[in-house]
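Q: One structure coming up, written as structure tokens, with questions to follow.
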Amino acid sequence: MASNTAEKLSGLSIGDDWASSCPNLHKNLSLLSPNEVELAKLLLDVGQNHLFGHWPEPGVDDGRKREFFNQVIRLNSSYPGGLVSYIQNARKLLADSKASKNPYDGFTPSVPSGEVLSFGDDNFFRLEEAGIREVRNAAFVLVAGGLGERLGYKGIKLALPAETTTGKCFLQHYIESILALQEASYKFVEGQDRTLIPLVIMTSDDTNAPTLELLESNSYFGMKPTQVKLLKQEKVACLDDNNARLALDINDKYKIQTKPHGHGDVHALLYSSGLLDQWKNAGVKWVLFFQDTNGLLFKAIPASLGVSATKGYNVNSLAVPRKAKEAIGGITKLTHDDGRTMVINVEYNQLDPLLRATGHADGDVNCETGFSPYPGNINQLILELEPYIEELKKTRGAIAEFVNPKYKDASKTSFKSSTRLECMMQDYPKTLPPSAKVGFTVIDTWLAYAPVKNNPEDAAKVPKGNPYHSATSGEMAIYRANSLILRKAGVQIADPEIDVFNGQEVEVWPRITWSPRWAVSFSDVKNKVNENCSITQKSTMVINGQNVLLDGLTLDGSLIVNAINEAEVKVAGSILNKGWILKHADHKDDSLPEEMRMRGFKIEKIEQLEMNYTEPGKFCLSL
């Protein structure tokens, strides 16, 4: 075995001198394959001798040594340019961090061009229709690498109920929304071949298996298994010091510490997967990126895609109105002294100082609209596929990175704990040429943005008037949006009541939900309700059917309508019952399910009218 390896080494023309600076590695060379020898040489070339400092004689821990190189192979192959590029990039970014270099030096901010939508006006209708026509030519990419631990939930975030009236989880809601958009889009092109809209889910070591289990145990929520592709994100090596020495695990000296690299990895994963070229050949024109716990997003997708299609945007960042200095990044055009321009997200704590430093004495201030002219980034992107492919051919999907070391003291010479490079999905435009058409679409917050990312304790500390971004506020936002949409369509919806759950003061609207196949656009809603309907604040209404019409309904209680697509159901008359009520729940009460505790309430189902239509035909529900 040893002699064979020696022959391989001589065949590679590798002498002993390159390893002489690392005696413990040198004496173990006979264990290594030619590929592992090359990796060892690479590590020494970039100053990583310390990784082998503890290695014992051959014959001791040989299996652990091979495990070490298996990890190095993974780390090297999963990063664009390999470990050498990672270490070189880290040294530059760490040097800039130590020197407190401003990443925006030489840049002047200005307001970018984009589209500000007004829900329900003629332009909104036009853009929604354009988006629905176009969505059959789209692919969706869901970035879902995180667990729900930060929320007080042990499972993956995609398995969390978006709302507890129906209990549908986020992943079910997303898939049903894509399927409904797929169906709606093909109504505009009757007779053409019906292709399936692809869905990619970026997972991590933590979420890959649970995500697959969630899909398989629920028959992919109605999608064909071939429609869905999981791409697993690898972690990156941690760094011990400003010289980018890779950090060894404190409990295992044969293992390099690793941490997540950030959701910017999605671009490199798509590039290396070969999916982008497959999509292009299949006629896909757009790629829509979204994150894992925003229950409102798909209400904004049709009109936003319509903006991309009609404006010809290569990159369209979805955004919401943003108050000056609000703790959300602002979409900003940056122009460098050398002529370079880019339209990107600038974090709120960097935007105000940047404006002040470039001639705007008051910094980030509200304009005549009452909002900052720099709209709030919500990390949802629509990219035109062909230019995206061309750009990734140049970058291999590598995204501009940053590093955020926690220093022990002001000298910035040592870290409190290891750090790593990170990247963000929304920084993709940083490398684009000036000719790229980059814009944004602003949609009302109530319609488009209610992420679930804070646990009850953190949410309760949020200053009054600022968004809680909790499971409580996320669920209430869904009811609010549905109530306001129906109100805009002419339904009389009672005003909300104020209540406090888990220390968060929220508006409690009627608990109204509908499946995406009932309505994927405001036009759908308008066509399925008339103005002679009214719903009280205490009411709950669940519509789970494509052809359910509200015609003169007066609801004061709970109503659930389930209908197959071939059943047309007209709901009329007065429905009165004791309904479902919200009961307060203590988030510290371990006897309650996590999903309930994190919301601070549970639904007590006292009385309801539930109607099921399982046969084709026309029906009238009238009491």
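By order of appearance in the structure tokens: chains A, B, ..., then residues from 1 within every chain, and ligands from 1 in the order shown.
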Stretch 438-444 of chain A: which residues within 8 Å, counting only C-alpha atoms, same-chain residues fewer than 3 positions away excluded, as a list in words?
A: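 These residues fall inside the cut-off: Pro112, Ser113, Gly114, Glu115, Val116, Leu117, Ser118, Phe119, Ala300, Ser304, Val307, Tyr313, Asn314, Val315, Asn316, Ser317, Leu318, Ala319, Val320, Pro321, Ile331, Val343, Pro375, Pro429, Leu447 and Ala448 of chain A.
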Q: Export N, CA, C and O atoms of the chosen residues as a tab-separated table (two decimals), in the first residue's frame?
A:
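The resulting file, out-v2.tsv, is reproduced below:
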chain	number	residue	atom	x	y	z
A	112	PRO	N	-33.23	55.30	-7.33
A	112	PRO	CA	-33.31	54.53	-8.58
A	112	PRO	C	-34.70	54.65	-9.21
A	112	PRO	O	-35.63	55.19	-8.61
A	113	SER	N	-34.82	54.17	-10.44
A	113	SER	CA	-36.12	54.18	-11.09
A	113	SER	C	-36.84	52.86	-10.82
A	113	SER	O	-36.21	51.81	-10.74
A	114	GLY	N	-38.15	52.95	-10.68
A	114	GLY	CA	-38.93	51.76	-10.41
A	114	GLY	C	-40.40	52.08	-10.53
A	114	GLY	O	-40.80	53.18	-10.92
A	115	GLU	N	-41.22	51.10	-10.19
A	115	GLU	CA	-42.67	51.22	-10.32
A	115	GLU	C	-43.30	51.17	-8.93
A	115	GLU	O	-43.03	50.24	-8.15
A	116	VAL	N	-44.12	52.17	-8.61
A	116	VAL	CA	-44.85	52.19	-7.34
A	116	VAL	C	-46.31	51.88	-7.66
A	116	VAL	O	-46.96	52.61	-8.40
A	117	LEU	N	-46.80	50.76	-7.12
A	117	LEU	CA	-48.15	50.29	-7.45
A	117	LEU	C	-49.17	50.78	-6.43
A	117	LEU	O	-48.86	50.92	-5.25
A	118	SER	N	-50.37	51.00	-6.91
A	118	SER	CA	-51.50	51.36	-6.06
A	118	SER	C	-52.54	50.25	-6.19
A	118	SER	O	-53.12	50.06	-7.26
A	119	PHE	N	-52.76	49.53	-5.11
A	119	PHE	CA	-53.61	48.34	-5.17
A	119	PHE	C	-55.00	48.68	-5.68
A	119	PHE	O	-55.67	49.60	-5.18
A	300	ALA	N	-48.51	39.56	-4.13
A	300	ALA	CA	-47.77	40.59	-4.87
A	300	ALA	C	-47.11	40.06	-6.13
A	300	ALA	O	-46.66	40.85	-6.97
A	304	SER	N	-46.09	42.19	-9.78
A	304	SER	CA	-44.64	42.42	-9.85
A	304	SER	C	-44.03	41.79	-11.09
A	304	SER	O	-43.17	42.39	-11.75
A	307	VAL	N	-44.78	43.91	-13.97
A	307	VAL	CA	-43.84	45.03	-14.09
A	307	VAL	C	-42.58	44.59	-14.83
A	307	VAL	O	-42.10	45.27	-15.75
A	313	TYR	N	-37.37	44.64	-17.22
A	313	TYR	CA	-36.32	44.63	-16.19
A	313	TYR	C	-35.54	43.31	-16.24
A	313	TYR	O	-36.12	42.23	-16.26
A	314	ASN	N	-34.20	43.42	-16.25
A	314	ASN	CA	-33.36	42.23	-16.04
A	314	ASN	C	-33.41	41.79	-14.58
A	314	ASN	O	-33.34	40.60	-14.28
A	315	VAL	N	-33.51	42.77	-13.68
A	315	VAL	CA	-33.60	42.52	-12.24
A	315	VAL	C	-34.71	43.40	-11.68
A	315	VAL	O	-34.71	44.61	-11.91
A	316	ASN	N	-35.63	42.80	-10.96
A	316	ASN	CA	-36.72	43.53	-10.32
A	316	ASN	C	-36.74	43.14	-8.85
A	316	ASN	O	-37.00	41.99	-8.51
A	317	SER	N	-36.43	44.10	-7.97
A	317	SER	CA	-36.47	43.86	-6.53
A	317	SER	C	-37.83	44.27	-5.99
A	317	SER	O	-38.25	45.41	-6.19
A	318	LEU	N	-38.51	43.33	-5.33
A	318	LEU	CA	-39.78	43.67	-4.71
A	318	LEU	C	-39.50	44.47	-3.44
A	318	LEU	O	-38.55	44.17	-2.70
A	319	ALA	N	-40.30	45.51	-3.24
A	319	ALA	CA	-40.04	46.42	-2.13
A	319	ALA	C	-41.36	46.90	-1.55
A	319	ALA	O	-42.43	46.73	-2.15
A	320	VAL	N	-41.27	47.51	-0.36
A	320	VAL	CA	-42.45	48.08	0.30
A	320	VAL	C	-42.12	49.52	0.68
A	320	VAL	O	-40.94	49.89	0.79
A	321	PRO	N	-43.14	50.35	0.88
A	321	PRO	CA	-42.87	51.72	1.34
A	321	PRO	C	-42.09	51.68	2.65
A	321	PRO	O	-42.36	50.84	3.52
A	331	ILE	N	-33.54	50.24	-1.25
A	331	ILE	CA	-33.07	50.05	-2.62
A	331	ILE	C	-32.50	51.38	-3.10
A	331	ILE	O	-33.19	52.42	-3.08
A	343	VAL	N	-27.60	49.24	-8.77
A	343	VAL	CA	-28.82	49.43	-7.98
A	343	VAL	C	-28.92	48.25	-7.03
A	343	VAL	O	-29.12	47.11	-7.45
A	375	PRO	N	-37.02	52.83	-1.31
A	375	PRO	CA	-37.99	51.83	-0.84
A	375	PRO	C	-37.35	50.70	-0.06
A	375	PRO	O	-36.16	50.40	-0.21
A	429	PRO	N	-26.98	42.04	-8.04
A	429	PRO	CA	-26.75	43.11	-9.02
A	429	PRO	C	-25.40	43.82	-8.90
A	429	PRO	O	-25.05	44.60	-9.78
A	447	LEU	N	-50.14	44.23	1.84
A	447	LEU	CA	-50.45	43.25	0.81
A	447	LEU	C	-49.30	42.27	0.57
A	447	LEU	O	-49.53	41.13	0.16
A	448	ALA	N	-48.06	42.70	0.86
A	448	ALA	CA	-46.91	41.96	0.35
A	448	ALA	C	-45.93	41.43	1.38
A	448	ALA	O	-45.15	40.53	1.08
Q: May I have the residues within 7 Å of A:Arg511 as JSON, numbers by chain, using only C-alpha atoms and disregarding those fewer than 4 positions away in the same chain?
A: {"A": [479, 539, 540, 541]}
Q: Write the residues of the preceding selection, restricted to N, CA and C atoms, as a PDB file, in the first residue's frame.
A:
ATOM      1  N   TYR A 479     -55.055  37.779   7.777  1.00  0.00           N
ATOM      2  CA  TYR A 479     -56.473  38.104   7.932  1.00  0.00           C
ATOM      3  C   TYR A 479     -56.743  39.557   7.527  1.00  0.00           C
ATOM      4  N   SER A 539     -66.234  36.908  12.870  1.00  0.00           N
ATOM      5  CA  SER A 539     -66.462  35.819  11.923  1.00  0.00           C
ATOM      6  C   SER A 539     -65.183  35.146  11.455  1.00  0.00           C
ATOM      7  N   THR A 540     -65.376  33.912  10.998  1.00  0.00           N
ATOM      8  CA  THR A 540     -64.334  33.137  10.323  1.00  0.00           C
ATOM      9  C   THR A 540     -64.921  32.640   9.009  1.00  0.00           C
ATOM     10  N   MET A 541     -64.173  32.804   7.915  1.00  0.00           N
ATOM     11  CA  MET A 541     -64.637  32.284   6.627  1.00  0.00           C
ATOM     12  C   MET A 541     -63.470  31.607   5.917  1.00  0.00           C
TER      13      MET A 541
END
Q: As a compact mmCIF listing (two decimals) with C-alpha atoms, in the first residue's frame, please: the residues near A:Ala139 (cut-off 7 Å, only C-alpha atoms, same-chain neighbours under 5 positions excluded).
A:
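Below is the file that was written, out-v5.txt:
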# COMPACT_ATOMS: atom_id res chain seq x y z
CA ILE A 197 -43.78 25.58 -13.46
CA PRO A 198 -40.56 24.36 -11.78
CA LEU A 199 -39.87 24.91 -8.08
CA VAL A 284 -38.49 29.70 -19.17
CA TRP A 286 -38.08 34.47 -15.53
CA VAL A 287 -36.72 33.23 -12.21
CA LEU A 288 -38.52 34.35 -9.05
Q: For A:Glu531, please output as a PyMOL selection string all residues within 6 Å (counting only C-alpha atoms; exclusion window: fewer than 2 positions along the same chain).
A: chain A and resi 490-491+533
Q: Restricting the calculation to only C-alpha atoms: of A:Leu383, A:Val569, A:Leu334, A:Ala282, which residue gets closest to A:Gly312?
A: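 Once distances to A:Gly312 are computed over only C-alpha atoms, the minimum belongs to A:Leu383.
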Q: Give me the residues within 12 Å of A:Ala489 as number ranges by chain, counting only C-alpha atoms and dropping any in the same chain fewer than 2 places off.
A: A: 119-121, 482-487, 491-493, 521-534, 550
Q: Applying 12 Å and only C-alpha atoms, which residues near A:Met596 remain after dropping the ones on its own chain fewer than 2 positions away? List them as a VMD selection string.
A: chain A and resid 151 to 153 160 to 165 167 456 471 to 472 475 501 to 502 582 to 594 598 to 604
Q: Could you write those residues out with C-alpha atoms, as a short mmCIF file (atom, residue, chain, number, x, y, z; two decimals), in the first residue's frame?
A:
data_model
loop_
_atom_site.label_atom_id
_atom_site.label_comp_id
_atom_site.auth_asym_id
_atom_site.auth_seq_id
_atom_site.Cartn_x
_atom_site.Cartn_y
_atom_site.Cartn_z
CA LEU A 151 -38.96 31.32 16.64
CA GLY A 152 -39.21 28.78 19.44
CA TYR A 153 -40.00 25.97 16.99
CA LEU A 160 -44.95 26.09 10.34
CA PRO A 161 -48.63 26.94 9.82
CA ALA A 162 -48.91 30.22 7.93
CA GLU A 163 -52.19 30.65 9.81
CA THR A 164 -54.01 28.41 12.28
CA THR A 165 -57.56 28.77 10.93
CA GLY A 167 -53.39 25.00 9.70
CA PRO A 456 -42.35 36.08 21.27
CA ALA A 471 -45.89 34.32 14.18
CA THR A 472 -48.58 36.41 15.88
CA GLU A 475 -51.00 35.40 10.99
CA PHE A 501 -51.05 38.35 22.41
CA ASN A 502 -47.59 37.47 23.75
CA LEU A 582 -59.52 33.32 19.90
CA LYS A 583 -58.40 32.32 23.38
CA HIS A 584 -55.23 33.75 24.91
CA ALA A 585 -52.36 31.30 25.40
CA ASP A 586 -49.15 31.71 27.37
CA HIS A 587 -46.00 31.17 25.28
CA LYS A 588 -44.35 29.75 28.41
CA ASP A 589 -46.99 27.03 28.81
CA ASP A 590 -45.14 23.85 27.81
CA SER A 591 -48.36 21.85 27.75
CA LEU A 592 -49.41 23.66 24.54
CA PRO A 593 -48.04 22.89 21.06
CA GLU A 594 -45.15 25.11 19.92
CA MET A 598 -45.45 31.19 19.61
CA ARG A 599 -48.69 32.94 18.59
CA GLY A 600 -50.08 33.55 22.05
CA PHE A 601 -53.56 32.35 21.11
CA LYS A 602 -55.53 29.25 20.25
CA ILE A 603 -58.72 28.91 18.25
CA GLU A 604 -61.69 27.49 20.13
#
Q: Find the residue from A:Ser20, A:Asn89, A:Thr332, A:Gln71 that sits nearest to A:Tyr104; use only C-alpha atoms when measuring.
A: A:Thr332
Q: Using only C-alpha atoms for the distances, tell me which of A:Asp551, A:Asp292, A:Asp45, A:Glu347 is nearest to A:Ala159.
A: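 Closest residue, counting only C-alpha atoms: A:Asp292.
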Q: To one decimal place in Å, what is the distance between atom CA of A:Ile301 and atom CA of A:Arg136?
A: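 Separation between atom CA of A:Ile301 and atom CA of A:Arg136: 12.7 Å.
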Q: For stretch 247-293 of chain A versus stretch 388-397 of chain A, which residues have an atom no more than 7 Å away, and what is each residue's nearest atom pair and distance in Å rounded to one decimal, using only C-alpha atoms, chain-then-number order, as a Markdown table?
A:
| residue | atom | partner | partner_atom | distance |
| --- | --- | --- | --- | --- |
| A:His267 | CA | A:Gly397 | CA | 4.7 |
| A:Ala268 | CA | A:Gly397 | CA | 3.8 |
| A:Tyr271 | CA | A:Gly397 | CA | 6.0 |
| A:Leu276 | CA | A:Ile389 | CA | 6.9 |
Q: Store the residues picked out above in a file with C-alpha atoms, as an mmCIF file, in the first residue's frame.
A:
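That gives us out38.cif:
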data_model
loop_
_atom_site.group_PDB
_atom_site.id
_atom_site.type_symbol
_atom_site.label_atom_id
_atom_site.label_comp_id
_atom_site.auth_asym_id
_atom_site.auth_seq_id
_atom_site.Cartn_x
_atom_site.Cartn_y
_atom_site.Cartn_z
ATOM 1 C CA HIS A 267 -26.877 31.577 -7.387
ATOM 2 C CA ALA A 268 -23.816 29.303 -7.388
ATOM 3 C CA TYR A 271 -25.258 27.628 -11.892
ATOM 4 C CA LEU A 276 -30.718 27.204 -15.765
#
Q: Would you kindly return, as a list in words, each protein, DNA or RNA residue with an atom no farther than 6 Å from any atom of A:Val452, considering only C-alpha atoms and excluding same-chain residues fewer than 3 positions away?
A: Thr293, His469, Ser470, Ala471 and Gly474 of chain A
Q: Going by DSSP on the backbone, which bits of stretch 90-149 of chain A are helix (DSSP H, G or I)? Write them as JSON, numbers by chain, please.
A: {"A": [90, 91, 92, 93, 94, 95, 96, 97, 98, 122, 123, 124, 125, 126, 127, 128, 129, 130, 131, 132, 133, 134, 135, 136, 137, 149]}
Q: Which residue is closest to A:Asn76? Choose from A:Val236, A:Gly47, A:Arg126, A:His173 and count only C-alpha atoms.
A: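 Closest to A:Asn76, using only C-alpha atoms: A:Val236.
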